[in-house]
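Asks: To be precise about what I am sending: the file is called target.pdb and holds PDB, C-alpha atoms.
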ATOM      1  CA  MET A 144     113.919  93.821  85.767  1.00  0.00           C
ATOM      2  CA  THR A 145     112.209  90.506  86.402  1.00  0.00           C
ATOM      3  CA  MET A 146     108.436  90.615  86.436  1.00  0.00           C
ATOM      4  CA  PRO A 147     106.217  87.891  87.843  1.00  0.00           C
ATOM      5  CA  SER A 148     104.587  85.900  85.060  1.00  0.00           C
ATOM      6  CA  ASP A 149     101.233  85.759  86.838  1.00  0.00           C
ATOM      7  CA  ILE A 150     100.020  89.182  87.892  1.00  0.00           C
ATOM      8  CA  ASN A 151      96.881  87.677  89.401  1.00  0.00           C
ATOM      9  CA  PRO A 152      98.109  85.192  92.004  1.00  0.00           C
ATOM     10  CA  ALA A 153      95.758  82.655  93.509  1.00  0.00           C
ATOM     11  CA  ILE A 154      94.050  83.612  96.748  1.00  0.00           C
ATOM     12  CA  GLY A 155      96.552  83.359  99.568  1.00  0.00           C
ATOM     13  CA  GLN A 156      99.531  83.166  97.199  1.00  0.00           C
ATOM     14  CA  HIS A 157     102.074  85.925  97.759  1.00  0.00           C
ATOM     15  CA  ILE A 158     104.281  87.490  95.127  1.00  0.00           C
ATOM     16  CA  ALA A 159     107.722  88.155  96.574  1.00  0.00           C
ATOM     17  CA  ARG A 160     108.052  91.903  96.817  1.00  0.00           C
ATOM     18  CA  SER A 161     111.339  93.622  97.390  1.00  0.00           C
ATOM     19  CA  VAL A 162     112.827  96.998  96.600  1.00  0.00           C
ATOM     20  CA  HIS A 163     116.329  98.406  96.445  1.00  0.00           C
ATOM     21  CA  VAL A 164     116.930 101.334  98.757  1.00  0.00           C
ATOM     22  CA  ALA A 165     119.766 103.537  97.508  1.00  0.00           C
ATOM     23  CA  THR A 166     121.462 105.949  99.897  1.00  0.00           C
ATOM     24  CA  TYR A 167     123.666 108.797  98.712  1.00  0.00           C
ATOM     25  CA  GLU A 168     125.499 110.502 101.575  1.00  0.00           C
ATOM     26  CA  HIS A 169     127.281 113.748 100.737  1.00  0.00           C
ATOM     27  CA  PRO A 170     128.483 116.948 102.460  1.00  0.00           C
ATOM     28  CA  TYR A 171     125.058 118.581 102.094  1.00  0.00           C
ATOM     29  CA  GLY A 172     122.988 115.746 103.505  1.00  0.00           C
ATOM     30  CA  THR A 173     121.606 112.356 102.564  1.00  0.00           C
ATOM     31  CA  ASP A 174     119.422 111.458  99.607  1.00  0.00           C
ATOM     32  CA  ILE A 175     117.458 108.217  99.691  1.00  0.00           C
ATOM     33  CA  ARG A 176     115.565 106.719  96.773  1.00  0.00           C
ATOM     34  CA  VAL A 177     113.728 103.439  96.360  1.00  0.00           C
ATOM     35  CA  PHE A 178     113.897 101.390  93.149  1.00  0.00           C
ATOM     36  CA  LEU A 179     112.225  98.193  91.993  1.00  0.00           C
ATOM     37  CA  ASP A 180     115.556  96.722  90.908  1.00  0.00           C
ATOM     38  CA  GLN A 181     119.229  97.243  91.607  1.00  0.00           C
ATOM     39  CA  ASP A 182     120.030  98.214  88.010  1.00  0.00           C
ATOM     40  CA  GLN A 183     117.855 101.316  88.370  1.00  0.00           C
ATOM     41  CA  ALA A 184     119.660 102.247  91.596  1.00  0.00           C
ATOM     42  CA  LEU A 185     123.023 101.877  89.851  1.00  0.00           C
ATOM     43  CA  ILE A 186     121.819 104.073  86.989  1.00  0.00           C
ATOM     44  CA  TRP A 187     121.144 106.759  89.590  1.00  0.00           C
ATOM     45  CA  ARG A 188     124.675 106.239  90.962  1.00  0.00           C
ATOM     46  CA  THR A 189     126.087 106.681  87.440  1.00  0.00           C
ATOM     47  CA  ARG A 190     124.105 109.904  86.902  1.00  0.00           C
ATOM     48  CA  ILE A 191     125.388 111.337  90.181  1.00  0.00           C
ATOM     49  CA  ALA A 192     128.981 110.416  89.309  1.00  0.00           C
ATOM     50  CA  ARG A 193     128.707 111.930  85.801  1.00  0.00           C
ATOM     51  CA  GLU A 194     127.217 115.137  87.190  1.00  0.00           C
ATOM     52  CA  TRP A 195     129.839 115.663  89.889  1.00  0.00           C
ATOM     53  CA  TRP A 196     132.986 114.143  88.326  1.00  0.00           C
ATOM     54  CA  SER A 197     134.317 117.426  86.881  1.00  0.00           C
ATOM     55  CA  HIS A 198     133.791 119.203  90.219  1.00  0.00           C
ATOM     56  CA  ALA A 199     135.870 116.619  92.058  1.00  0.00           C
ATOM     57  CA  PHE A 200     138.568 115.515  89.592  1.00  0.00           C
ATOM     58  CA  ASP A 201     140.711 116.997  86.832  1.00  0.00           C
ATOM     59  CA  GLN A 202     140.947 113.758  84.817  1.00  0.00           C
ATOM     60  CA  GLU A 203     138.560 112.751  82.071  1.00  0.00           C
ATOM     61  CA  PRO A 204     135.730 110.603  83.441  1.00  0.00           C
ATOM     62  CA  PRO A 205     135.798 106.846  82.843  1.00  0.00           C
ATOM     63  CA  PRO A 206     133.072 105.192  80.721  1.00  0.00           C
ATOM     64  CA  ASP A 207     129.545 104.937  82.109  1.00  0.00           C
ATOM     65  CA  ASP A 208     129.962 101.292  83.105  1.00  0.00           C
ATOM     66  CA  GLU A 209     132.859 102.287  85.420  1.00  0.00           C
ATOM     67  CA  ILE A 210     132.238 105.878  86.494  1.00  0.00           C
ATOM     68  CA  GLY A 211     129.815 105.203  89.366  1.00  0.00           C
ATOM     69  CA  GLU A 212     132.024 102.702  91.140  1.00  0.00           C
ATOM     70  CA  GLU A 213     135.209 104.697  90.569  1.00  0.00           C
ATOM     71  CA  TYR A 214     133.700 108.019  91.591  1.00  0.00           C
ATOM     72  CA  PHE A 215     132.425 106.750  94.917  1.00  0.00           C
ATOM     73  CA  GLU A 216     135.562 104.731  95.612  1.00  0.00           C
ATOM     74  CA  ARG A 217     137.626 107.908  95.207  1.00  0.00           C
ATOM     75  CA  MET A 218     135.134 109.998  97.191  1.00  0.00           C
ATOM     76  CA  LEU A 219     135.340 107.786 100.305  1.00  0.00           C
ATOM     77  CA  GLU A 220     138.126 109.965 101.674  1.00  0.00           C
ATOM     78  CA  ARG A 221     135.833 112.981 101.256  1.00  0.00           C
ATOM     79  CA  ASP A 222     132.999 111.341 103.198  1.00  0.00           C
ATOM     80  CA  GLU A 223     130.758 110.851 100.193  1.00  0.00           C
ATOM     81  CA  PHE A 224     129.126 107.424  99.962  1.00  0.00           C
ATOM     82  CA  PHE A 225     126.670 105.490  97.859  1.00  0.00           C
ATOM     83  CA  SER A 226     125.107 102.217  98.951  1.00  0.00           C
ATOM     84  CA  THR A 227     122.161 100.012  98.057  1.00  0.00           C
ATOM     85  CA  MET A 228     120.272  97.524 100.157  1.00  0.00           C
ATOM     86  CA  GLU A 229     117.602  95.073  99.059  1.00  0.00           C
ATOM     87  CA  CYS A 230     114.620  95.165 101.392  1.00  0.00           C
ATOM     88  CA  ASP A 231     111.505  93.020 101.458  1.00  0.00           C
ATOM     89  CA  ILE A 232     108.228  94.864 101.496  1.00  0.00           C
ATOM     90  CA  GLU A 233     106.362  93.738 104.565  1.00  0.00           C
ATOM     91  CA  PRO A 234     102.895  92.548 103.635  1.00  0.00           C
ATOM     92  CA  ASP A 235     100.129  94.282 105.465  1.00  0.00           C
ATOM     93  CA  HIS A 236      96.747  92.870 106.177  1.00  0.00           C
ATOM     94  CA  ALA A 237      94.929  95.316 103.920  1.00  0.00           C
ATOM     95  CA  ASP A 238      94.674  92.605 101.290  1.00  0.00           C
ATOM     96  CA  PRO A 239      91.364  90.774 101.647  1.00  0.00           C
ATOM     97  CA  ALA A 240      92.940  87.548 100.353  1.00  0.00           C
ATOM     98  CA  ASP A 241      95.603  87.684 103.082  1.00  0.00           C
ATOM     99  CA  LEU A 242      92.988  88.262 105.777  1.00  0.00           C
ATOM    100  CA  MET A 243      90.802  85.494 104.439  1.00  0.00           C
ATOM    101  CA  THR A 244      93.700  83.024 104.365  1.00  0.00           C
ATOM    102  CA  ALA A 245      94.779  83.948 107.888  1.00  0.00           C
ATOM    103  CA  HIS A 246      91.266  83.565 109.313  1.00  0.00           C
ATOM    104  CA  GLY A 247      89.867  80.314 108.007  1.00  0.00           C
ATOM    105  CA  GLY A 248      89.428  80.874 104.276  1.00  0.00           C
ATOM    106  CA  ILE A 249      86.333  81.947 102.393  1.00  0.00           C
ATOM    107  CA  TRP A 250      83.991  80.714 105.145  1.00  0.00           C
ATOM    108  CA  GLY A 251      86.133  82.087 107.991  1.00  0.00           C
ATOM    109  CA  GLU A 252      85.471  85.134 110.094  1.00  0.00           C
ATOM    110  CA  TYR A 253      87.588  88.034 111.325  1.00  0.00           C
ATOM    111  CA  PRO A 254      87.348  88.248 115.147  1.00  0.00           C
ATOM    112  CA  ASP A 255      86.383  91.927 115.457  1.00  0.00           C
ATOM    113  CA  HIS A 256      83.953  91.958 112.517  1.00  0.00           C
ATOM    114  CA  PRO A 257      81.436  89.097 112.632  1.00  0.00           C
ATOM    115  CA  VAL A 258      79.740  87.865 109.478  1.00  0.00           C
ATOM    116  CA  ALA A 259      76.380  88.703 111.084  1.00  0.00           C
ATOM    117  CA  SER A 260      77.327  92.419 111.105  1.00  0.00           C
ATOM    118  CA  TRP A 261      78.273  92.250 107.429  1.00  0.00           C
ATOM    119  CA  ILE A 262      74.960  90.532 106.619  1.00  0.00           C
ATOM    120  CA  ALA A 263      73.125  93.334 108.427  1.00  0.00           C
ATOM    121  CA  ASP A 264      75.061  95.985 106.425  1.00  0.00           C
ATOM    122  CA  VAL A 265      74.226  94.188 103.156  1.00  0.00           C
ATOM    123  CA  ALA A 266      70.547  93.895 104.130  1.00  0.00           C
ATOM    124  CA  ASN A 267      70.427  97.603 105.052  1.00  0.00           C
ATOM    125  CA  GLY A 268      72.084  98.606 101.778  1.00  0.00           C
ATOM    126  CA  ASP A 269      75.137  99.956 103.617  1.00  0.00           C
ATOM    127  CA  THR A 270      77.620  97.900 101.589  1.00  0.00           C
ATOM    128  CA  ARG A 271      77.873  96.050  98.316  1.00  0.00           C
ATOM    129  CA  SER A 272      81.309  94.641  99.166  1.00  0.00           C
ATOM    130  CA  GLY A 273      82.034  91.010  99.791  1.00  0.00           C
ATOM    131  CA  TYR A 274      82.685  90.047 103.401  1.00  0.00           C
ATOM    132  CA  TRP A 275      86.512  90.206 103.343  1.00  0.00           C
ATOM    133  CA  CYS A 276      86.607  93.565 101.533  1.00  0.00           C
ATOM    134  CA  TRP A 277      84.077  94.853 104.046  1.00  0.00           C
ATOM    135  CA  VAL A 278      86.409  93.729 106.863  1.00  0.00           C
ATOM    136  CA  VAL A 279      89.371  95.559 105.307  1.00  0.00           C
ATOM    137  CA  GLY A 280      87.260  98.705 105.080  1.00  0.00           C
ATOM    138  CA  ARG A 281      86.768  98.622 108.838  1.00  0.00           C
ATOM    139  CA  LEU A 282      90.340  98.039 109.953  1.00  0.00           C
ATOM    140  CA  PRO A 283      91.836 101.011 111.827  1.00  0.00           C
ATOM    141  CA  GLY A 284      94.022 103.220 109.674  1.00  0.00           C
ATOM    142  CA  ILE A 285      93.116 101.386 106.473  1.00  0.00           C
ATOM    143  CA  GLY A 286      89.519 101.875 105.528  1.00  0.00           C
ATOM    144  CA  ALA A 287      87.818 103.749 108.323  1.00  0.00           C
ATOM    145  CA  ALA A 288      87.355 106.863 106.149  1.00  0.00           C
ATOM    146  CA  ASP A 289      85.867 104.853 103.266  1.00  0.00           C
ATOM    147  CA  PRO A 290      84.067 101.781 104.577  1.00  0.00           C
ATOM    148  CA  THR A 291      83.530 100.358 101.083  1.00  0.00           C
ATOM    149  CA  PRO A 292      86.915  99.649  99.462  1.00  0.00           C
ATOM    150  CA  PRO A 293      87.074 100.091  95.674  1.00  0.00           C
ATOM    151  CA  TYR A 294      87.914  96.425  95.084  1.00  0.00           C
ATOM    152  CA  ASP A 295      86.239  93.108  95.625  1.00  0.00           C
ATOM    153  CA  LEU A 296      87.274  89.468  95.558  1.00  0.00           C
TER
END
Using structure tokens, write down the structure that the file contains.

Replies:
Amino acid sequence: MTMPSDINPAIGQHIARSVHVATYEHPYGTDIRVFLDQDQALIWRTRIAREWWSHAFDQEPPPDDEIGEEYFERMLERDEFFSTMECDIEPDHADPADLMTAHGGIWGEYPDHPVASWIADVANGDTRSGYWCWVVGRLPGIGAADPTPPYDL
């Protein structure tokens, strides 16, 4: 698995985020799992093939580096499938750095939450968060239950 070398990107810099969605379709339903890399998804495929090989075939199973591919190739005629798909994780705007970048930088302002309102909350002792974290805490479905997020810029 490849890991980014800088786990603290600069403000506004995005780390590419993707996952591998593995789908196992079988007579009893569909199992879906999400992995950070394709190798982990293929390990799951190998485990499934090892577990079910003796139920499906009389022959000795092939080695681990072949069993997953061979098992599912043979099981196609029995309507049993395994597939993986790489999917990008869509960034949301719950990241204060993303909001800040999209709305004018450090001195910018989010349209529905004016800086003057944040200043009033700070003056009243209602928040200790920086402006952009305060904004995130007020976005619908993100921080409405806890108006002071546990992070700060």

Asks: Can you tell me which residues surround A:Leu179 at a distance of at most 9 Å, considering all atoms listed in the file, apart from same-chain residues fewer than 4 positions away, and format the answer as JSON, numbers by chain?

Replies: {"A": [144, 160, 161, 162, 163, 164, 183, 184]}

Asks: Would you be able to write out as a CSV table (one decimal) with C-alpha atoms, in the coordinates of the input which residues have an atom within 9 Å of (126.0, 108.9, 83.7) in the file's coordinates, counting all atoms listed in the file?

Replies:
chain,number,residue,atom,x,y,z
A,186,ILE,CA,121.8,104.1,87.0
A,187,TRP,CA,121.1,106.8,89.6
A,188,ARG,CA,124.7,106.2,91.0
A,189,THR,CA,126.1,106.7,87.4
A,190,ARG,CA,124.1,109.9,86.9
A,191,ILE,CA,125.4,111.3,90.2
A,192,ALA,CA,129.0,110.4,89.3
A,193,ARG,CA,128.7,111.9,85.8
A,194,GLU,CA,127.2,115.1,87.2
A,206,PRO,CA,133.1,105.2,80.7
A,207,ASP,CA,129.5,104.9,82.1
A,208,ASP,CA,130.0,101.3,83.1
A,210,ILE,CA,132.2,105.9,86.5
A,211,GLY,CA,129.8,105.2,89.4

Asks: Just to confirm, what's the straight-line distance from atom CA of A:Ser226 to atom CA of A:Ser197 in Å (one decimal)?

Replies: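 A separation of 21.5 Å between them.
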
Asks: Quick check, in Å to one decimal: how far apart do atom CA of A:Gly251 and atom CA of A:Asp269 lie?

Replies: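 The value is 21.4 Å.
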
Asks: I'd like the interatomic distance between atom CA of A:Phe178 and atom CA of A:Thr227, to a tenth of an Å.

Replies: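 These atoms are spaced 9.7 Å apart.
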
Asks: From the list A:Tyr171, A:Trp277, A:Thr166, A:Met243, which residue is nearest A:Glu229 when using all atoms listed in the file?

Replies: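 Checking each candidate against A:Glu229, we get A:Thr166 as the closest.
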
Asks: With the PyMOL selection byres ((chain A and resi 274) around 9) as the selection, what would be picked from this file? Answer as a VMD selection string, please.

Replies: chain A and resid 239 249 252 258 261 to 262 272 to 273 275 to 279

Asks: Looking at A:Asp182, A:Asp241, A:Asp264, A:Glu212, which one is nearest to A:Phe224, with distances taken over all atoms listed in the file?

Replies: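 For A:Phe224, the nearest of the given residues is A:Glu212.
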
Asks: Closest to A:Met218 among A:Pro170, A:Gly280, A:Pro257, A:Gly268, using all atoms listed in the file?

Replies: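 Of all the options, A:Pro170 lies closest to A:Met218.
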
Asks: Given the choices A:His256, A:Gln181, A:Glu223, A:Leu242, which gets closest to A:Ala199 if the distance is worked out from only C-alpha atoms?

Replies: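 Under the stated criterion, the closest residue is A:Glu223.
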
Asks: Name the closest residue to A:Asp222 among the candidates A:His169, A:Arg281, A:His198, A:Arg176; distances are taken between atoms, counting all atoms listed in the file.

Replies: A:His169

Asks: Might I get the box with edges along x, y and z of the file that holds all atoms of stretch 215-218 of chain A listed there, padded by 6 Å on every side, given as centre and edge lengths in Å to one decimal, as AutoDock Vina command-line options?

Replies:
--center_x 135.0 --center_y 107.4 --center_z 96.1 --size_x 17.2 --size_y 17.3 --size_z 14.3

Asks: Show me the residues around (135.6, 111.5, 91.7) - criterion: an atom at most 7 Å away, only C-alpha atoms counted - as a PyMOL selection string.

Replies: chain A and resi 196+199-200+213-215+217-218
